[in-house]
Structure formats: structure tokens, C-alpha cells
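Trainee: This is the content of model_9.txt (compact mmCIF, C-alpha atoms):
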# COMPACT_ATOMS: atom_id res chain seq x y z
CA MET M 1 -5.04 -45.68 4.19
CA THR M 2 -8.31 -45.44 2.27
CA GLY M 3 -8.50 -44.02 -1.23
CA GLY M 4 -10.50 -41.04 0.04
CA ALA M 5 -7.94 -40.21 2.72
CA PHE M 6 -5.10 -40.50 0.20
CA ALA M 7 -6.89 -38.19 -2.25
CA GLY M 8 -7.57 -35.72 0.56
CA ARG M 9 -3.89 -35.63 1.53
CA ARG M 10 -2.92 -35.21 -2.11
CA TRP M 11 -5.22 -32.21 -2.58
CA LEU M 12 -4.03 -30.73 0.69
CA ARG M 13 -0.40 -31.00 -0.43
CA LEU M 14 -1.29 -29.38 -3.75
CA CYS M 15 -3.07 -26.57 -1.94
CA TYR M 16 -0.15 -26.03 0.42
CA GLY M 17 2.29 -26.21 -2.49
CA ALA M 18 0.41 -23.58 -4.50
CA PHE M 19 0.21 -21.23 -1.54
CA ALA M 20 3.88 -21.81 -0.71
CA ALA M 21 4.92 -21.05 -4.30
CA ALA M 22 2.84 -17.87 -4.37
CA GLY M 23 4.16 -16.72 -0.99
CA LEU M 24 7.79 -17.32 -1.88
CA PHE M 25 7.38 -15.72 -5.32
CA PHE M 26 5.67 -12.55 -4.08
CA GLY M 27 7.93 -12.44 -1.03
CA LEU M 28 11.17 -12.67 -2.99
CA LEU M 29 10.14 -10.47 -5.92
CA PRO M 30 10.13 -7.12 -4.05
CA PRO M 31 13.68 -7.39 -2.61
CA LEU M 32 15.21 -9.04 -5.68
CA LEU M 33 13.60 -6.87 -8.36
CA TYR M 34 12.78 -3.62 -6.54
CA GLY M 35 15.14 -3.63 -3.55
CA ILE M 36 12.16 -3.35 -1.17
CA VAL M 37 11.93 -5.09 2.20
CA ASN M 38 9.10 -4.24 4.59
CA PRO M 39 6.91 -6.07 7.15
CA GLY M 40 4.51 -7.10 4.39
CA VAL M 41 7.33 -8.74 2.44
CA LEU M 42 8.52 -10.61 5.53
CA ALA M 43 4.97 -11.77 6.32
CA VAL M 44 4.44 -13.08 2.77
CA LEU M 45 7.81 -14.85 2.86
CA GLY M 46 7.06 -16.33 6.28
CA ALA M 47 3.69 -17.69 5.13
CA GLY M 48 5.23 -19.15 1.99
CA GLY M 49 8.00 -20.77 4.00
CA LEU M 50 5.56 -22.26 6.50
CA TYR M 51 3.47 -23.99 3.86
CA ALA M 52 6.56 -25.05 1.94
CA ALA M 53 7.80 -26.76 5.10
CA MET M 54 4.49 -28.61 5.41
CA VAL M 55 5.04 -30.04 1.92
CA LEU M 56 8.76 -30.75 2.07
CA PHE M 57 8.93 -32.11 5.62
CA GLU M 58 5.48 -33.62 6.00
CA GLY M 59 6.79 -37.02 7.16
CA LYS M 60 9.12 -35.61 9.81
CA ILE M 61 6.45 -33.22 11.12
CA ARG M 62 3.89 -36.06 11.31
CA ASP M 63 6.32 -38.28 13.18
CA ARG M 64 7.13 -35.51 15.63
CA LEU M 65 3.52 -34.44 16.29
CA GLY M 66 1.75 -37.80 16.08
CA GLY M 67 -1.97 -37.25 16.57
CA GLY M 68 -1.44 -33.50 16.70
CA PHE M 69 -0.54 -33.47 13.00
CA ARG M 70 -4.23 -33.59 12.02
CA THR M 71 -5.01 -30.68 14.32
CA LEU M 72 -2.14 -28.68 12.80
CA ASN M 73 -3.52 -29.32 9.31
CA ILE M 74 -6.97 -28.15 10.35
CA LEU M 75 -5.52 -24.94 11.79
CA LEU M 76 -3.42 -24.29 8.70
CA VAL M 77 -6.37 -24.84 6.37
CA ILE M 78 -8.48 -22.43 8.42
CA LEU M 79 -5.62 -19.90 8.42
CA LEU M 80 -5.23 -20.24 4.67
CA ALA M 81 -8.95 -19.76 4.03
CA LEU M 82 -9.16 -16.73 6.31
CA ALA M 83 -6.06 -15.17 4.74
CA LEU M 84 -7.41 -15.58 1.22
CA MET M 85 -10.83 -14.18 2.16
CA ALA M 86 -9.30 -11.20 3.98
CA TYR M 87 -6.94 -10.45 1.12
CA LEU M 88 -9.64 -10.67 -1.53
CA GLY M 89 -11.98 -8.58 0.62
CA PHE M 90 -9.41 -5.84 1.13
CA THR M 91 -8.52 -5.77 -2.58
CA LEU M 92 -12.16 -5.35 -3.56
CA TYR M 93 -12.66 -2.77 -0.82
CA TRP M 94 -9.89 -0.39 -1.85
CA ARG M 95 -10.74 -0.68 -5.52
CA GLY M 96 -14.36 0.12 -4.74
CA TYR M 97 -13.27 2.99 -2.51
CA CYS M 98 -11.25 4.55 -5.34
CA ALA M 99 -14.21 4.21 -7.70
CA ARG M 100 -16.56 5.76 -5.14
CA TYR M 101 -14.26 8.74 -4.61
CA ALA M 102 -13.51 9.45 -8.25
CA PRO M 103 -11.76 12.85 -8.39
CA PRO M 104 -14.14 15.72 -9.10
CA ALA M 105 -13.87 17.43 -12.47
CA GLY M 106 -14.40 21.12 -13.05
CA GLU M 107 -12.60 24.39 -12.62
CA TYR M 108 -13.30 25.25 -9.00
CA PRO M 109 -10.88 25.86 -6.12
CA GLN M 110 -9.67 22.72 -4.35
CA THR M 111 -6.44 21.36 -2.93
CA VAL M 112 -4.69 18.24 -4.16
CA ILE M 113 -2.55 16.55 -1.48
CA VAL M 114 0.17 14.23 -2.78
CA LEU M 115 1.50 11.80 -0.16
CA GLY M 116 5.24 11.11 -0.04
CA GLY M 117 6.65 7.74 -1.01
CA GLY M 118 10.44 7.80 -0.89
CA ILE M 119 13.24 9.63 -2.68
CA GLU M 120 16.76 8.90 -3.92
CA GLY M 121 18.95 11.96 -3.75
CA GLU M 122 16.99 14.70 -5.47
CA ARG M 123 14.73 12.35 -7.43
CA PRO M 124 11.49 10.62 -6.41
CA LYS M 125 11.49 6.84 -6.27
CA LYS M 126 9.35 5.09 -8.87
CA MET M 127 6.33 4.74 -6.61
CA LEU M 128 6.37 8.42 -5.69
CA ALA M 129 7.02 9.44 -9.31
CA ARG M 130 3.85 7.61 -10.37
CA ARG M 131 1.84 9.45 -7.72
CA LEU M 132 3.21 12.78 -8.91
CA GLN M 133 2.56 11.99 -12.56
CA GLU M 134 -1.08 11.19 -11.82
CA ALA M 135 -1.43 14.34 -9.73
CA ALA M 136 0.21 16.47 -12.44
CA GLY M 137 -2.24 15.19 -15.04
CA TYR M 138 -5.15 16.11 -12.79
CA LEU M 139 -3.73 19.56 -11.98
CA LYS M 140 -3.35 20.31 -15.68
CA GLU M 141 -6.98 19.38 -16.26
CA ASN M 142 -8.10 21.48 -13.27
CA PRO M 143 -6.17 24.77 -13.42
CA GLN M 144 -8.03 26.24 -10.43
CA ALA M 145 -6.68 23.54 -8.15
CA VAL M 146 -3.54 23.98 -6.03
CA CYS M 147 -1.34 21.29 -4.54
CA VAL M 148 0.27 20.40 -1.22
CA VAL M 149 3.17 17.97 -1.47
CA SER M 150 3.65 16.14 1.83
CA GLY M 151 6.77 14.43 3.11
CA GLY M 152 9.54 15.17 5.60
CA GLN M 153 13.28 14.58 5.47
CA GLY M 154 14.69 11.25 6.59
CA HIS M 155 17.91 10.95 8.57
CA ASP M 156 19.71 9.61 5.49
CA GLU M 157 18.22 12.09 3.01
CA ASP M 158 19.70 15.38 1.79
CA TYR M 159 16.32 16.92 1.00
CA SER M 160 12.78 16.65 2.23
CA GLU M 161 10.43 14.53 0.15
CA ALA M 162 8.26 17.62 -0.34
CA HIS M 163 11.20 19.56 -1.83
CA VAL M 164 11.89 16.79 -4.34
CA MET M 165 8.19 16.42 -5.12
CA LYS M 166 7.75 20.11 -5.90
CA LYS M 167 10.81 20.08 -8.15
CA TYR M 168 9.52 17.03 -10.03
CA LEU M 169 6.06 18.58 -10.50
CA GLY M 170 7.81 21.59 -12.01
CA GLU M 171 9.53 19.27 -14.49
CA LEU M 172 6.10 17.89 -15.35
CA GLY M 173 4.87 21.37 -16.22
CA ILE M 174 3.13 22.45 -13.00
CA ASP M 175 3.65 26.09 -12.00
CA PRO M 176 5.65 26.11 -8.70
CA ALA M 177 3.37 28.90 -7.45
CA ARG M 178 0.56 26.31 -7.28
CA VAL M 179 2.59 23.92 -5.10
CA PHE M 180 2.91 24.27 -1.30
CA LEU M 181 5.32 22.32 0.88
CA GLU M 182 4.62 20.20 3.96
CA GLU M 183 8.08 19.09 5.11
CA ARG M 184 7.62 17.75 8.66
CA SER M 185 5.68 14.51 8.32
CA GLY M 186 7.03 11.02 8.77
CA ASN M 187 3.93 8.87 8.25
CA THR M 188 0.47 8.95 6.69
CA ARG M 189 -1.28 10.35 9.76
CA GLU M 190 1.20 13.23 9.93
CA ASN M 191 0.99 13.72 6.14
CA LEU M 192 -2.65 14.71 6.44
CA ALA M 193 -2.51 16.43 9.82
CA PHE M 194 0.40 18.67 8.85
CA SER M 195 -1.02 19.27 5.36
CA ALA M 196 -4.18 20.56 7.04
CA GLY M 197 -1.94 23.05 8.86
CA VAL M 198 -0.36 24.19 5.59
CA ILE M 199 -3.82 24.59 4.07
CA GLY M 200 -4.97 26.72 6.98
CA GLU M 201 -1.83 28.85 7.13
CA ASN M 202 -2.01 29.68 3.42
CA GLY M 203 -5.77 30.13 3.16
CA LEU M 204 -6.18 27.23 0.75
CA CYS M 205 -9.39 25.36 0.11
CA SER M 206 -10.09 22.65 2.72
CA GLN M 207 -11.93 20.55 0.12
CA VAL M 208 -9.21 18.15 -0.91
CA THR M 209 -8.37 15.38 -3.33
CA VAL M 210 -5.65 12.96 -2.19
CA ALA M 211 -3.14 11.32 -4.53
CA SER M 212 -1.36 8.08 -3.59
CA ASP M 213 -1.24 4.40 -4.49
CA GLY M 214 -4.73 2.93 -4.66
CA PHE M 215 -4.33 0.50 -1.76
CA HIS M 216 -3.16 3.39 0.46
CA LEU M 217 -6.12 5.70 -0.13
CA PRO M 218 -8.77 4.27 2.27
CA ARG M 219 -6.42 4.80 5.23
CA ALA M 220 -5.42 8.22 3.91
CA GLY M 221 -9.12 9.09 3.76
CA ILE M 222 -9.54 8.23 7.44
CA TYR M 223 -6.67 10.50 8.48
CA CYS M 224 -7.85 13.19 6.07
CA LYS M 225 -11.24 13.47 7.74
CA ARG M 226 -9.65 13.23 11.18
CA ALA M 227 -7.53 16.27 10.27
CA GLY M 228 -10.69 18.27 9.57
CA LEU M 229 -10.41 18.19 5.79
CA SER M 230 -13.33 17.54 3.44
CA LEU M 231 -12.37 14.62 1.20
CA GLN M 232 -13.78 15.23 -2.29
CA GLY M 233 -11.90 12.61 -4.27
CA VAL M 234 -8.86 10.38 -4.60
CA ILE M 235 -6.29 10.00 -7.38
CA PRO M 236 -4.95 6.43 -7.37
CA SER M 237 -1.63 5.60 -8.96
CA GLN M 238 -0.91 2.11 -10.22
CA THR M 239 1.27 -0.19 -8.12
CA PRO M 240 3.36 -2.85 -9.94
CA TRP M 241 1.53 -6.18 -9.65
CA GLY M 242 4.56 -7.86 -8.10
CA LEU M 243 4.48 -5.49 -5.14
CA LEU M 244 0.75 -5.55 -4.45
CA PRO M 245 0.50 -8.65 -2.19
CA SER M 246 3.17 -7.48 0.26
CA TYR M 247 2.01 -3.86 0.29
CA GLU M 248 -1.64 -4.80 0.61
CA LEU M 249 -0.87 -7.16 3.50
CA ARG M 250 1.01 -4.43 5.32
CA GLU M 251 -1.75 -1.94 4.55
CA MET M 252 -4.42 -4.25 5.98
CA ALA M 253 -2.71 -4.11 9.37
CA ALA M 254 -2.18 -0.34 9.11
CA LEU M 255 -5.84 0.20 8.18
CA CYS M 256 -6.98 -1.77 11.24
CA LYS M 257 -4.74 0.44 13.37
CA ALA M 258 -6.23 3.58 11.84
CA LEU M 259 -9.79 2.33 12.38
CA LEU M 260 -8.95 1.77 16.05
CA GLY M 261 -8.01 5.43 16.35
CA PHE M 262 -4.23 5.31 16.15
Please express what this file holds, its structure, as C-alpha cells.

Mentor:
Amino acid sequence: MTGGAFAGRRWLRLCYGAFAAAGLFFGLLPPLLYGIVNPGVLAVLGAGGLYAAMVLFEGKIRDRLGGGFRTLNILLVILLALALMAYLGFTLYWRGYCARYAPPAGEYPQTVIVLGGGIEGERPKKMLARRLQEAAGYLKENPQAVCVVSGGQGHDEDYSEAHVMKKYLGELGIDPARVFLEERSGNTRENLAFSAGVIGENGLCSQVTVASDGFHLPRAGIYCKRAGLSLQGVIPSQTPWGLLPSYELREMAALCKALLGF
């Protein structure tokens, strides 16, 4: 083996090893630290495991594949490059989207829609609590605005997400008379479609600002406009850094689905 070929293999193993470590770390962190398992977590874990196998079992894989081992490496390098570019592109996109749709300031009628994000008993989970805290701050600064809290009741839940959300906003100092319930939805598309119905039924302003995690807001904006609502701004809440890779990966697939009209 030439020195150049040896150095190339060494750098390839280092690259695979770094990606494997990142995949396993960000794949194991959500279930171990936050108790969260979703398709994004499984995809990150799967990618980390694949590249870890290429490092740990390189000799066995080369012996099994023979000349096909080089082709496999080429495919994996291309896959790695595409994944990194797509991930970086999506991260920059949603951050730019949030900056472009900075929530409007001023005391004029508008409706803030807060998207559900999970409850435990009669309390919001941490992710949903952060969304509500950001929305509450905005509602206090804009007293003419009203709010629709959106989220249905799961089969294992005693209350609807909307019920819990309204109660929590009250604890944060928001007058319950300003908060309207949307209690039928089970996903983001329904969140916005059914919230549009609540807005129409109660004669609320159809110019809306949507509150959710930052990575979630571009897709929410698509469904918002599809529901006939005029999107004026977004209120992003901060997602823990350890959860971002898995949630962003899942959101990339969901955004593609939304763009295709589903």
C-alpha cells in the first residue's frame, strides 16, 4: 500500500469515527436524558451505528465485499457529504425564516396561535412550557392580541393539550378571557386548520403570529397560509441543543411532505 493510500484510509476512518461518535451521542442523548424517542432519534442512531461499524469492522467488511468495498466507501462518503450539507442548509433556513418573520410589535388586534407539544397530566412538558412562556411574554407586551392554544387530547391523556395550555398561560399572568381553545387537532396541519375555524367562529383577527420551536415554524407557516390565515410573524422558542439534531432531521422530512402538499 502506498503512503498516499494509507493516509487516505486513515483520514477516512477519522471522518467515519467522528460522524459515528456524533450520531451515537445525539442519538442516545434524547432517550437517556429527556426520555424522547422519535423517528429522528432512530435515524441519527442508525447513521451513527452504520459509520461505527465501518470503523470497528473494516477488515471483515473488506474481506466480505472484496472489490465492492471501495464502491461502498464512495457511496458512504457521498451520503455523509449530502447529509451534512442538507442539515446545515436546513438549520440556516429555519433560523433565517424566524428572523424574516420577526413578530410584529404594536398594540393592534392580532391572534397568537401556540402549537401543542405534549403534556404530562395537567402540566405542559418542557418543550411546550417554553413555547407558552415565549407566547406569554409577547401577549403581555401586546395587550390587544388574543391567543388560540391548539392541541387535542391523546388516548392516554386526561385533558386536551389546549386545556393544559390555557391553564398554564393563566399561571403566567395571561387573562383567560384572551385565550381560546382548539381541542381537536392531532398534528401540525390540523393545528392550523382547526385554529382557523376557531378564529372564524369567534370573530378573531385572521392576521396571526405562530409560537413554536424555531425548527418547527417554517412548516407551520406553510399550513398556516394553507388554512387561509395571514402569517404576520413567528415566536420561536429555544430547543435544547442536545435535541436539535434528531428533531431537525425529523422536521426536514416533514417539511418535504408539507411542500409536496400533504

Trainee: Record the distance separating atom CA of Tyr87 of chain M and atom CA of Phe19 of chain M, expressed in Å with one decimal.

Mentor: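 Computing it gives 13.2 Å between the two atoms.
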
Trainee: Which residue gives the smallest distance to Met54 of chain M among M:Gly17, M:Pro218, M:Gly116, M:Pro104, with only C-alpha atoms counted?

Mentor: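 Checking each of M:Gly17, M:Pro218, M:Gly116, M:Pro104 against Met54 of chain M, counting only C-alpha atoms, the winner is M:Gly17.
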
Trainee: Using all atoms listed in the file, pick whichever of M:Ala135, M:Ile36, M:Leu76, M:Ala47 has the shortest atom-to-atom distance to Thr111 of chain M.

Mentor: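 Closest residue, counting all atoms listed in the file: M:Ala135.
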
Trainee: If you count all atoms listed in the file, which residues fall within 12 Å of Leu80 of chain M, apart from same-chain ones fewer than 3 positions away, as a count of residues only?

Mentor: 22

Trainee: Please indicate the distance in Å from atom CA of Gln238 of chain M to atom CA of Ser212 of chain M, rounded to one decimal place.

Mentor: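 Straight-line distance from atom CA of Gln238 of chain M to atom CA of Ser212 of chain M works out to 8.9 Å.
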
Trainee: Calculated over only C-alpha atoms, which of the candidates M:Leu259, M:Leu139, M:Ala99, M:Val148 has the smallest distance to Gly214 of chain M?

Mentor: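 Among the listed residues, M:Ala99 lies closest to Gly214 of chain M.
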
Trainee: Would you please work out which residue, of M:Leu29, M:Leu231, M:Ala53, M:Val44, is nearest to Pro103 of chain M when using all atoms listed in the file?

Mentor: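 Looking only at the distances to Pro103 of chain M, the closest residue turns out to be M:Leu231.
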
Trainee: One decimal, Å: what's the distance from atom CA of Ile174 of chain M over to atom CA of Val146 of chain M, could you say?

Mentor: 9.8 Å

Trainee: Which of these, M:Asp175, M:Asp213, M:Glu134, M:Glu161, has the shortest distance to Leu244 of chain M once you count only C-alpha atoms?

Mentor: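 Looking only at the distances to Leu244 of chain M, the closest residue turns out to be M:Asp213.
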
Trainee: Find the residue from M:Val179, M:Leu229, M:Cys205, M:Ala220 that sits nearest to Tyr97 of chain M; use all atoms listed in the file when measuring.

Mentor: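 For Tyr97 of chain M, the nearest of the candidates is M:Ala220.
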
Trainee: With all heavy atoms as the goal, would you fill in the gaps in segment 74-85 of chain M and present it as a tab-separated table (two decimals), in the coordinates of the input?

Mentor:
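The result, stored in out.tsv:
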chain	number	residue	atom	x	y	z
M	74	ILE	N	-5.69	-28.86	10.27
M	74	ILE	CA	-6.97	-28.15	10.35
M	74	ILE	C	-6.73	-26.65	10.59
M	74	ILE	O	-7.34	-25.79	9.94
M	74	ILE	CB	-7.85	-28.74	11.48
M	74	ILE	CG1	-8.28	-30.16	11.11
M	74	ILE	CG2	-9.06	-27.86	11.74
M	74	ILE	CD1	-9.01	-30.90	12.21
M	75	LEU	N	-5.82	-26.34	11.50
M	75	LEU	CA	-5.52	-24.94	11.79
M	75	LEU	C	-4.93	-24.22	10.58
M	75	LEU	O	-5.28	-23.07	10.29
M	75	LEU	CB	-4.56	-24.85	12.98
M	75	LEU	CG	-5.12	-25.27	14.33
M	75	LEU	CD1	-4.02	-25.24	15.40
M	75	LEU	CD2	-6.27	-24.36	14.75
M	76	LEU	N	-4.05	-24.91	9.87
M	76	LEU	CA	-3.42	-24.29	8.70
M	76	LEU	C	-4.41	-24.09	7.56
M	76	LEU	O	-4.33	-23.10	6.83
M	76	LEU	CB	-2.24	-25.13	8.23
M	76	LEU	CG	-1.01	-25.12	9.15
M	76	LEU	CD1	0.07	-26.05	8.61
M	76	LEU	CD2	-0.46	-23.70	9.28
M	77	VAL	N	-5.34	-25.00	7.40
M	77	VAL	CA	-6.37	-24.84	6.37
M	77	VAL	C	-7.27	-23.65	6.72
M	77	VAL	O	-7.62	-22.84	5.85
M	77	VAL	CB	-7.20	-26.13	6.22
M	77	VAL	CG1	-8.44	-25.88	5.37
M	77	VAL	CG2	-6.36	-27.22	5.59
M	78	ILE	N	-7.65	-23.56	7.99
M	78	ILE	CA	-8.48	-22.43	8.42
M	78	ILE	C	-7.73	-21.11	8.22
M	78	ILE	O	-8.29	-20.13	7.72
M	78	ILE	CB	-8.89	-22.59	9.90
M	78	ILE	CG1	-9.85	-23.77	10.06
M	78	ILE	CG2	-9.53	-21.31	10.43
M	78	ILE	CD1	-10.18	-24.11	11.49
M	79	LEU	N	-6.45	-21.09	8.60
M	79	LEU	CA	-5.62	-19.90	8.42
M	79	LEU	C	-5.53	-19.52	6.95
M	79	LEU	O	-5.65	-18.33	6.59
M	79	LEU	CB	-4.23	-20.15	8.99
M	79	LEU	CG	-3.22	-19.01	8.84
M	79	LEU	CD1	-3.68	-17.78	9.59
M	79	LEU	CD2	-1.85	-19.45	9.34
M	80	LEU	N	-5.33	-20.50	6.10
M	80	LEU	CA	-5.23	-20.24	4.67
M	80	LEU	C	-6.53	-19.66	4.12
M	80	LEU	O	-6.52	-18.67	3.37
M	80	LEU	CB	-4.87	-21.53	3.94
M	80	LEU	CG	-4.80	-21.49	2.41
M	80	LEU	CD1	-3.79	-20.44	1.97
M	80	LEU	CD2	-4.43	-22.85	1.86
M	81	ALA	N	-7.65	-20.25	4.52
M	81	ALA	CA	-8.95	-19.76	4.03
M	81	ALA	C	-9.22	-18.34	4.50
M	81	ALA	O	-9.67	-17.49	3.72
M	81	ALA	CB	-10.06	-20.69	4.51
M	82	LEU	N	-8.93	-18.07	5.78
M	82	LEU	CA	-9.16	-16.73	6.31
M	82	LEU	C	-8.25	-15.70	5.62
M	82	LEU	O	-8.68	-14.58	5.33
M	82	LEU	CB	-8.92	-16.71	7.82
M	82	LEU	CG	-9.94	-17.46	8.67
M	82	LEU	CD1	-9.51	-17.44	10.14
M	82	LEU	CD2	-11.33	-16.84	8.52
M	83	ALA	N	-7.00	-16.09	5.39
M	83	ALA	CA	-6.06	-15.17	4.74
M	83	ALA	C	-6.52	-14.82	3.34
M	83	ALA	O	-6.48	-13.66	2.93
M	83	ALA	CB	-4.67	-15.79	4.71
M	84	LEU	N	-6.96	-15.83	2.58
M	84	LEU	CA	-7.41	-15.58	1.22
M	84	LEU	C	-8.67	-14.72	1.20
M	84	LEU	O	-8.80	-13.81	0.36
M	84	LEU	CB	-7.66	-16.91	0.50
M	84	LEU	CG	-6.42	-17.75	0.20
M	84	LEU	CD1	-6.81	-19.09	-0.40
M	84	LEU	CD2	-5.49	-16.99	-0.75
M	85	MET	N	-9.61	-14.97	2.11
M	85	MET	CA	-10.83	-14.18	2.16
M	85	MET	C	-10.53	-12.74	2.55
M	85	MET	O	-11.09	-11.79	1.98
M	85	MET	CB	-11.84	-14.81	3.13
M	85	MET	CG	-12.49	-16.07	2.61
M	85	MET	SD	-13.87	-16.65	3.65
M	85	MET	CE	-12.99	-17.09	5.16
